[in-house]
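Visitor: Got a structure for you, model_39.txt, holding compact mmCIF, C-alpha atoms.
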```txt
# COMPACT_ATOMS: atom_id res chain seq x y z
CA MET A 1 -20.23 -35.19 -12.59
CA ARG A 2 -21.62 -32.52 -10.31
CA ASN A 3 -23.43 -33.43 -7.13
CA ASP A 4 -27.14 -32.66 -7.02
CA PRO A 5 -27.72 -29.86 -4.46
CA HIS A 6 -31.26 -31.16 -3.82
CA VAL A 7 -31.80 -32.45 -0.28
CA SER A 8 -34.94 -34.59 -0.12
CA ASP A 9 -35.82 -33.71 3.49
CA GLY A 10 -34.73 -30.07 3.15
CA ILE A 11 -36.65 -26.81 2.81
CA ARG A 12 -37.87 -25.48 -0.52
CA LEU A 13 -35.28 -23.09 -1.92
CA GLN A 14 -37.78 -20.28 -2.58
CA LYS A 15 -38.95 -20.46 1.05
CA VAL A 16 -35.36 -20.20 2.30
CA LEU A 17 -34.78 -17.10 0.17
CA SER A 18 -38.02 -15.56 1.36
CA GLN A 19 -37.22 -16.20 5.04
CA ALA A 20 -33.76 -14.65 4.52
CA GLY A 21 -35.45 -11.45 3.36
CA ILE A 22 -34.14 -11.66 -0.19
CA ALA A 23 -37.53 -11.44 -1.87
CA SER A 24 -41.12 -12.60 -1.62
CA ARG A 25 -41.63 -16.28 -2.33
CA ARG A 26 -43.09 -15.54 -5.77
CA ALA A 27 -40.18 -13.22 -6.65
CA ALA A 28 -37.74 -15.84 -5.35
CA GLU A 29 -39.31 -18.40 -7.69
CA GLU A 30 -38.70 -16.04 -10.62
CA MET A 31 -35.07 -15.64 -9.53
CA ILE A 32 -34.64 -19.40 -9.53
CA VAL A 33 -36.23 -19.87 -12.96
CA ASP A 34 -34.07 -17.05 -14.35
CA GLY A 35 -30.89 -18.84 -13.20
CA ARG A 36 -29.91 -16.18 -10.65
CA VAL A 37 -29.59 -18.59 -7.73
CA GLN A 38 -26.71 -20.95 -6.96
CA VAL A 39 -26.49 -23.64 -4.31
CA ASP A 40 -23.03 -24.94 -3.47
CA GLY A 41 -21.70 -23.38 -6.67
CA GLN A 42 -24.37 -24.83 -8.98
CA VAL A 43 -27.11 -22.87 -10.71
CA VAL A 44 -30.53 -24.16 -9.64
CA ARG A 45 -33.54 -23.60 -11.91
CA VAL A 46 -35.91 -26.27 -10.57
CA LEU A 47 -38.59 -24.86 -8.29
CA GLY A 48 -39.00 -28.10 -6.38
CA THR A 49 -35.39 -28.04 -5.17
CA ARG A 50 -35.03 -28.46 -1.41
CA VAL A 51 -31.91 -27.40 0.47
CA ASP A 52 -30.37 -27.61 3.92
CA PRO A 53 -29.67 -24.00 4.97
CA GLU A 54 -27.56 -25.26 7.90
CA LYS A 55 -25.02 -26.92 5.60
CA GLN A 56 -25.33 -25.48 2.08
CA VAL A 57 -24.14 -22.14 0.71
CA ILE A 58 -26.55 -20.11 -1.40
CA TYR A 59 -25.80 -17.18 -3.72
CA VAL A 60 -28.14 -14.78 -5.50
CA ASP A 61 -26.65 -12.76 -8.37
CA GLY A 62 -23.18 -13.79 -7.18
CA ASN A 63 -23.71 -12.53 -3.62
CA ARG A 64 -23.80 -14.92 -0.71
CA VAL A 65 -27.08 -15.14 1.17
CA ILE A 66 -26.49 -14.92 4.91
CA LEU A 67 -29.16 -17.31 6.14
CA ASP A 68 -28.62 -16.84 9.87
CA GLU A 69 -26.95 -13.59 10.92
CA THR A 70 -26.81 -14.78 14.53
CA LYS A 71 -24.15 -17.30 13.51
CA HIS A 72 -22.03 -14.81 11.56
CA ILE A 73 -20.69 -12.27 14.01
CA VAL A 74 -18.64 -9.42 12.58
CA LEU A 75 -17.96 -6.36 14.69
CA ALA A 76 -16.51 -3.03 13.66
CA VAL A 77 -14.48 -1.43 16.43
CA ASN A 78 -13.07 2.08 16.52
CA LYS A 79 -9.82 1.30 18.32
CA PRO A 80 -8.45 4.27 20.26
CA VAL A 81 -4.76 5.11 20.48
CA GLY A 82 -3.21 3.25 23.40
CA VAL A 83 -5.29 0.07 23.03
CA VAL A 84 -3.36 -3.01 21.87
CA SER A 85 -4.83 -5.07 19.01
CA THR A 86 -4.95 -8.33 20.96
CA MET A 87 -7.66 -9.94 23.05
CA ASN A 88 -5.44 -9.87 26.15
CA ASP A 89 -2.15 -8.19 27.01
CA PRO A 90 0.45 -9.74 29.37
CA GLU A 91 1.67 -6.24 30.24
CA GLY A 92 -1.76 -5.24 31.49
CA ARG A 93 -2.43 -2.61 28.85
CA GLU A 94 -5.97 -2.00 27.64
CA SER A 95 -6.87 -4.59 25.00
CA LEU A 96 -9.75 -5.34 22.64
CA THR A 97 -11.48 -7.46 25.28
CA ASP A 98 -11.98 -4.30 27.32
CA LEU A 99 -14.07 -2.88 24.45
CA LEU A 100 -16.25 -5.96 23.93
CA ALA A 101 -18.60 -6.17 26.88
CA GLY A 102 -21.66 -8.21 25.92
CA TYR A 103 -19.96 -10.54 23.42
CA PRO A 104 -19.16 -13.86 25.15
CA GLU A 105 -18.35 -15.58 21.84
CA ARG A 106 -14.77 -16.27 20.86
CA LEU A 107 -13.80 -13.57 18.39
CA TYR A 108 -10.79 -13.26 16.10
CA HIS A 109 -9.29 -9.85 15.40
CA VAL A 110 -8.81 -9.36 11.66
CA GLY A 111 -5.24 -8.14 11.41
CA ARG A 112 -3.94 -5.47 13.76
CA LEU A 113 -3.44 -1.77 14.24
CA ASP A 114 -0.34 -0.68 16.13
CA ILE A 115 -0.84 0.88 19.54
CA ASP A 116 -0.32 4.42 18.17
CA THR A 117 -2.87 4.01 15.36
CA SER A 118 -6.61 4.42 15.83
CA GLY A 119 -9.60 3.54 13.72
CA LEU A 120 -11.42 0.65 12.15
CA LEU A 121 -10.64 -2.87 13.31
CA LEU A 122 -12.82 -5.89 12.50
CA LEU A 123 -13.50 -8.84 14.78
CA THR A 124 -15.36 -12.02 13.86
CA ASN A 125 -16.20 -15.51 15.08
CA ASP A 126 -15.55 -16.86 11.55
CA GLY A 127 -11.93 -17.98 11.35
CA GLU A 128 -12.04 -18.54 7.59
CA LEU A 129 -13.39 -15.05 6.99
CA ALA A 130 -10.63 -13.60 9.19
CA ASN A 131 -7.96 -15.57 7.32
CA ARG A 132 -9.16 -14.48 3.89
CA LEU A 133 -9.55 -10.83 4.84
CA THR A 134 -5.91 -10.71 5.91
CA HIS A 135 -4.38 -12.99 3.24
CA PRO A 136 -2.58 -10.92 0.59
CA SER A 137 -3.92 -13.07 -2.28
CA TYR A 138 -7.42 -11.59 -1.76
CA GLU A 139 -6.08 -8.02 -1.96
CA VAL A 140 -8.67 -6.56 0.39
CA PRO A 141 -8.08 -2.76 0.40
CA LYS A 142 -7.56 -0.82 3.62
CA THR A 143 -7.78 2.97 3.68
CA TYR A 144 -6.00 5.27 6.12
CA VAL A 145 -6.03 9.00 6.79
CA ALA A 146 -2.67 10.30 7.98
CA ARG A 147 -1.53 13.67 9.24
CA VAL A 148 2.10 14.07 8.23
CA HIS A 149 4.79 16.65 8.81
CA GLY A 150 5.55 18.89 5.83
CA ASP A 151 3.90 20.12 2.64
CA VAL A 152 3.58 16.98 0.51
CA ARG A 153 5.00 17.65 -2.94
CA PRO A 154 3.05 16.48 -6.04
CA GLY A 155 5.66 13.87 -6.99
CA VAL A 156 5.03 11.83 -3.85
CA ARG A 157 1.76 10.43 -5.20
CA ARG A 158 3.44 9.20 -8.36
CA GLN A 159 6.34 7.78 -6.34
CA LEU A 160 4.05 5.78 -4.03
CA LEU A 161 1.84 4.53 -6.88
CA HIS A 162 4.91 3.40 -8.80
CA GLY A 163 6.37 1.69 -5.73
CA ILE A 164 9.12 2.18 -3.19
CA ASP A 165 11.54 -0.17 -1.45
CA LEU A 166 11.22 -0.92 2.25
CA ASP A 167 13.49 -3.11 4.34
CA ASP A 168 11.03 -6.02 3.99
CA GLY A 169 10.46 -5.62 0.25
CA PRO A 170 8.91 -3.31 -2.35
CA ILE A 171 5.46 -1.79 -1.87
CA ALA A 172 3.08 0.32 -3.95
CA VAL A 173 -0.11 2.00 -2.75
CA ASP A 174 -3.46 1.41 -4.44
CA SER A 175 -4.36 5.10 -4.19
CA PHE A 176 -3.04 8.30 -2.65
CA ARG A 177 -4.50 11.79 -2.40
CA THR A 178 -3.93 14.96 -0.43
CA LEU A 179 -6.97 16.07 1.56
CA GLU A 180 -5.81 19.35 3.10
CA SER A 181 -2.80 21.31 4.32
CA PHE A 182 -2.60 23.55 7.35
CA GLY A 183 0.70 25.11 8.35
CA ASP A 184 3.37 22.43 8.30
CA ILE A 185 0.82 19.58 8.60
CA THR A 186 -0.71 17.83 5.57
CA THR A 187 -3.58 15.36 5.72
CA VAL A 188 -3.42 12.55 3.16
CA GLU A 189 -5.52 9.48 2.35
CA ILE A 190 -3.75 6.23 1.48
CA THR A 191 -5.17 2.88 0.35
CA VAL A 192 -3.12 -0.33 0.43
CA HIS A 193 -4.03 -4.01 0.32
CA GLU A 194 -1.10 -5.40 2.28
CA GLY A 195 -0.95 -5.68 6.04
CA ARG A 196 2.69 -5.42 7.01
CA ASN A 197 3.69 -4.09 10.39
CA ARG A 198 3.48 -0.27 10.59
CA LEU A 199 3.34 -0.19 6.79
CA VAL A 200 1.83 3.26 6.23
CA ARG A 201 4.13 4.88 8.78
CA ARG A 202 7.20 3.32 7.19
CA MET A 203 6.13 4.27 3.66
CA MET A 204 5.54 7.89 4.54
CA GLU A 205 8.78 8.15 6.47
CA THR A 206 10.66 6.65 3.52
CA VAL A 207 9.35 9.38 1.18
CA GLY A 208 10.23 12.06 3.72
CA TYR A 209 6.96 12.71 5.56
CA PRO A 210 6.82 11.19 9.05
CA VAL A 211 3.32 10.40 10.29
CA ARG A 212 2.00 12.42 13.20
CA GLU A 213 -1.45 10.79 13.48
CA LEU A 214 -2.90 7.77 11.68
CA VAL A 215 -6.49 6.52 11.48
CA ARG A 216 -7.83 3.56 9.50
CA THR A 217 -11.14 4.62 7.96
CA GLN A 218 -12.09 1.63 5.80
CA PHE A 219 -11.50 -2.12 5.61
CA GLY A 220 -12.80 -3.64 2.38
CA PRO A 221 -16.45 -2.56 2.02
CA ILE A 222 -16.76 -1.56 5.70
CA HIS A 223 -16.39 2.14 6.61
CA LEU A 224 -15.62 3.67 9.98
CA ASP A 225 -18.33 6.27 9.37
CA HIS A 226 -19.37 7.97 12.63
CA LEU A 227 -18.42 5.15 15.01
CA GLN A 228 -17.08 6.78 18.15
CA PRO A 229 -13.65 5.83 19.60
CA GLY A 230 -13.86 2.85 21.92
CA THR A 231 -17.27 1.71 20.66
CA THR A 232 -18.42 -1.18 18.46
CA LYS A 233 -21.19 -1.92 15.99
CA ARG A 234 -22.48 -5.21 14.59
CA ILE A 235 -22.15 -5.59 10.81
CA LYS A 236 -25.40 -6.92 9.37
CA GLY A 237 -27.41 -7.09 6.18
CA ASN A 238 -25.81 -5.75 3.01
CA GLY A 239 -22.57 -4.92 4.83
CA LEU A 240 -22.17 -8.52 5.95
CA VAL A 241 -22.97 -9.84 2.47
CA ALA A 242 -20.48 -7.43 0.89
CA LEU A 243 -17.75 -8.49 3.31
CA TYR A 244 -18.19 -12.21 2.55
CA SER A 245 -18.44 -11.54 -1.17
CA ALA A 246 -15.18 -9.54 -1.10
CA VAL A 247 -13.27 -12.72 -0.25
CA GLY A 248 -15.33 -15.23 -2.23
CA LEU A 249 -17.29 -16.74 0.64
```
Would you mind writing the file's structure down as structure tokens?

Guide:
Amino acid sequence: MRNDPHVSDGIRLQKVLSQAGIASRRAAEEMIVDGRVQVDGQVVRVLGTRVDPEKQVIYVDGNRVILDETKHIVLAVNKPVGVVSTMNDPEGRESLTDLLAGYPERLYHVGRLDIDTSGLLLLTNDGELANRLTHPSYEVPKTYVARVHGDVRPGVRRQLLHGIDLDDGPIAVDSFRTLESFGDITTVEITVHEGRNRLVRRMMETVGYPVRELVRTQFGPIHLDHLQPGTTKRIKGNGLVALYSAVGL
């Protein structure tokens, strides 16, 4: 038997949705009646339902409602080459902490980029979100743009999509395309959903095209866009909802 999501001393569900900016209270009532709202995994159609937004999880149309963005901190960082993907470095190299002035909260870095790779890195105060974003079972895609040596032949795309063998096991890309060629340098875009150490560099070297420069441009639904190297931006609103939804939270 399912537990009743109603909390007698809680706040009316339509008011919670309205305060979260989802819709006006009247429109929120229509959403509830139409069966578009879930509380703790259960569809709620009763307008008198009261909930505890501090403890319960609410979804509208399958997307999680972030009730208090101040509690869900996710930062996008454009990590420059030469910065290590840790909060502190025993060797004294520049680390992520050096880029995070103004954020006293404890933050987890979501995966890593090697010291020679730049681009999008996510940090969050939500340990469960960090774990799911990096766990291979959730298959969160990560997109990279690489400048490689040589004129990439057409068969490379098919080879990488079909799969190649690395020393730590087989791997296949989710997508691969050539962006441009200039002289003996070709720029390619690669999407994978695994997070092995130096994966893109090892893949491209295995197929005969060593990487000269590598930038991560996308992590799940979050894009690097025009974020400048060494700077951060707070992920809010639809971006935050999309990130949680990507891993079923």

Visitor: In terms of the shortest atom-to-atom distance over all atoms listed in the file, which of A:Asp98, A:Asp151, A:Glu128, A:Glu213 is closest to Ser181 in chain A?

Guide: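 Answer, going by the shortest atom-to-atom distance: A:Asp151.
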
Visitor: For Ile73 in chain A, which residue out of A:Ile11, A:Ile235, A:Leu47, A:Leu243 is the nearest one, using all atoms listed in the file?

Guide: A:Ile235

Visitor: So what do you get for CA of Leu99 in chain A versus CA of Arg212 in chain A, distance-wise?

Guide: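 Separation of CA of Leu99 in chain A and CA of Arg212 in chain A: 24.9 Å.
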
Visitor: Quick one: residues within 9 Å of range 17-27 of chain A, all atoms listed in the file counted, chain neighbours fewer than 5 positions away excluded, as a VMD selection string?

Guide: chain A and resid 12 32 58 60 65 to 68

Visitor: Just the number, please: distance in Å from CA of Gly82 in chain A to CA of Glu105 in chain A, one decimal.

Guide: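 Computing it gives 24.2 Å between the two atoms.
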
Visitor: Could you check the closest approach to Asp168 in chain A for each of A:His149, A:Arg198, A:His109, A:Lys142 and tell me which residue wins, using only C-alpha atoms?

Guide: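 Answer, going by the shortest atom-to-atom distance: A:Arg198.
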
Visitor: Could you give me, as number ranges by chain, the residues that have an atom at most 10 Å away from the point (-7.7, -9.8, 6.8) in the coordinates of the file, using all atoms listed in the file?

Guide: A: 109-112, 121-123, 128-136, 138-142, 193-195, 219-220, 247

Visitor: Given all atoms listed in the file as the basis, pick out the residue of A:Leu120, A:Val145, A:Leu13, A:Leu75 nearest to Leu224 in chain A.

Guide: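 Going through A:Leu120, A:Val145, A:Leu13, A:Leu75 one by one, the smallest distance to Leu224 in chain A is for A:Leu120.
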
Visitor: Interatomic distance between CA of Ala28 in chain A and CA of Val74 in chain A?

Guide: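 CA of Val74 in chain A lies 27.0 Å from CA of Ala28 in chain A.
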
Visitor: Which is closer to Arg153 in chain A than all the others in A:Thr186, A:Thr217, A:Ser175, A:Gln38, using all atoms listed in the file?

Guide: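 Checking each of A:Thr186, A:Thr217, A:Ser175, A:Gln38 against Arg153 in chain A, counting all atoms listed in the file, the winner is A:Thr186.
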
Visitor: With all atoms listed in the file as the basis for distance, which of A:Ser137, A:Ser245, A:Asn197, A:Asn3 is at the shortest distance from Gly62 in chain A?

Guide: A:Ser245

Visitor: Hey, can you pull every residue with an atom no more than 12 Å from (-28.7, -14.3, -13.4), using all atoms listed in the file, and send it as a list in words?

Guide: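 Residues with an atom at most 12 Å from (-28.7, -14.3, -13.4): Glu30, Met31, Ile32, Val33, Asp34, Gly35, Arg36, Val37, Gln38, Val43, Val44, Arg45, Tyr59, Val60, Asp61, Gly62 and Asn63 of chain A.
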
Visitor: Can you write out the residues you just picked, keeping C-alpha atoms, as a JSON list (two decimals), in the frame of the given file?

Guide:
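Here's the written file result.json:
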```json
[["chain", "number", "residue", "atom", "x", "y", "z"],
["A", 30, "GLU", "CA", -38.70, -16.04, -10.62],
["A", 31, "MET", "CA", -35.07, -15.64, -9.53],
["A", 32, "ILE", "CA", -34.64, -19.40, -9.53],
["A", 33, "VAL", "CA", -36.23, -19.87, -12.96],
["A", 34, "ASP", "CA", -34.07, -17.05, -14.35],
["A", 35, "GLY", "CA", -30.89, -18.84, -13.20],
["A", 36, "ARG", "CA", -29.91, -16.18, -10.65],
["A", 37, "VAL", "CA", -29.59, -18.59, -7.73],
["A", 38, "GLN", "CA", -26.71, -20.95, -6.96],
["A", 43, "VAL", "CA", -27.11, -22.87, -10.71],
["A", 44, "VAL", "CA", -30.53, -24.16, -9.64],
["A", 45, "ARG", "CA", -33.54, -23.60, -11.91],
["A", 59, "TYR", "CA", -25.80, -17.18, -3.72],
["A", 60, "VAL", "CA", -28.14, -14.78, -5.50],
["A", 61, "ASP", "CA", -26.65, -12.76, -8.37],
["A", 62, "GLY", "CA", -23.18, -13.79, -7.18],
["A", 63, "ASN", "CA", -23.71, -12.53, -3.62]]
```

Visitor: What's the 10 Å shell around Arg50 in chain A, counting all atoms listed in the file, without same-chain residues fewer than 3 positions away, as a list in words?

Guide: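 My reading of the contact set: Pro5, His6, Val7, Ser8, Asp9, Gly10, Ile11, Arg12, Leu13, Gln14, Lys15, Val16, Val46, Leu47 and Pro53 of chain A.
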
Visitor: So that each row is one residue of range 143-174 of chain A with an atom at most 10 Å from range 200-204 of chain A, can you give its shortest atom pair and the distance in Å to one decimal, using only C-alpha atoms, rows by chain and rising number, as a tab-separated table?

Guide:
```
residue	atom	partner	partner_atom	distance
A:Thr143	CA	A:Val200	CA	9.9
A:Tyr144	CA	A:Val200	CA	8.1
A:Val145	CA	A:Val200	CA	9.7
A:Ala146	CA	A:Val200	CA	8.5
A:Val148	CA	A:Met204	CA	8.0
A:His149	CA	A:Met204	CA	9.8
A:Val156	CA	A:Met204	CA	9.3
A:Leu160	CA	A:Met203	CA	8.1
A:Gly163	CA	A:Met203	CA	9.7
A:Ile164	CA	A:Met203	CA	7.8
A:Asp165	CA	A:Met203	CA	8.7
A:Leu166	CA	A:Met203	CA	7.4
A:Asp167	CA	A:Arg202	CA	9.4
A:Ile171	CA	A:Met203	CA	8.2
A:Ala172	CA	A:Met203	CA	9.1
A:Val173	CA	A:Met203	CA	9.2
```

Visitor: Would you pick out the contacts of Asp4 in chain A at 10 Å or less, using all atoms listed in the file, so that residues sharing its chain but fewer than 3 positions from it are not included, and give the list as number ranges by chain?

Guide: A: 1, 7, 39-40, 42, 44, 49
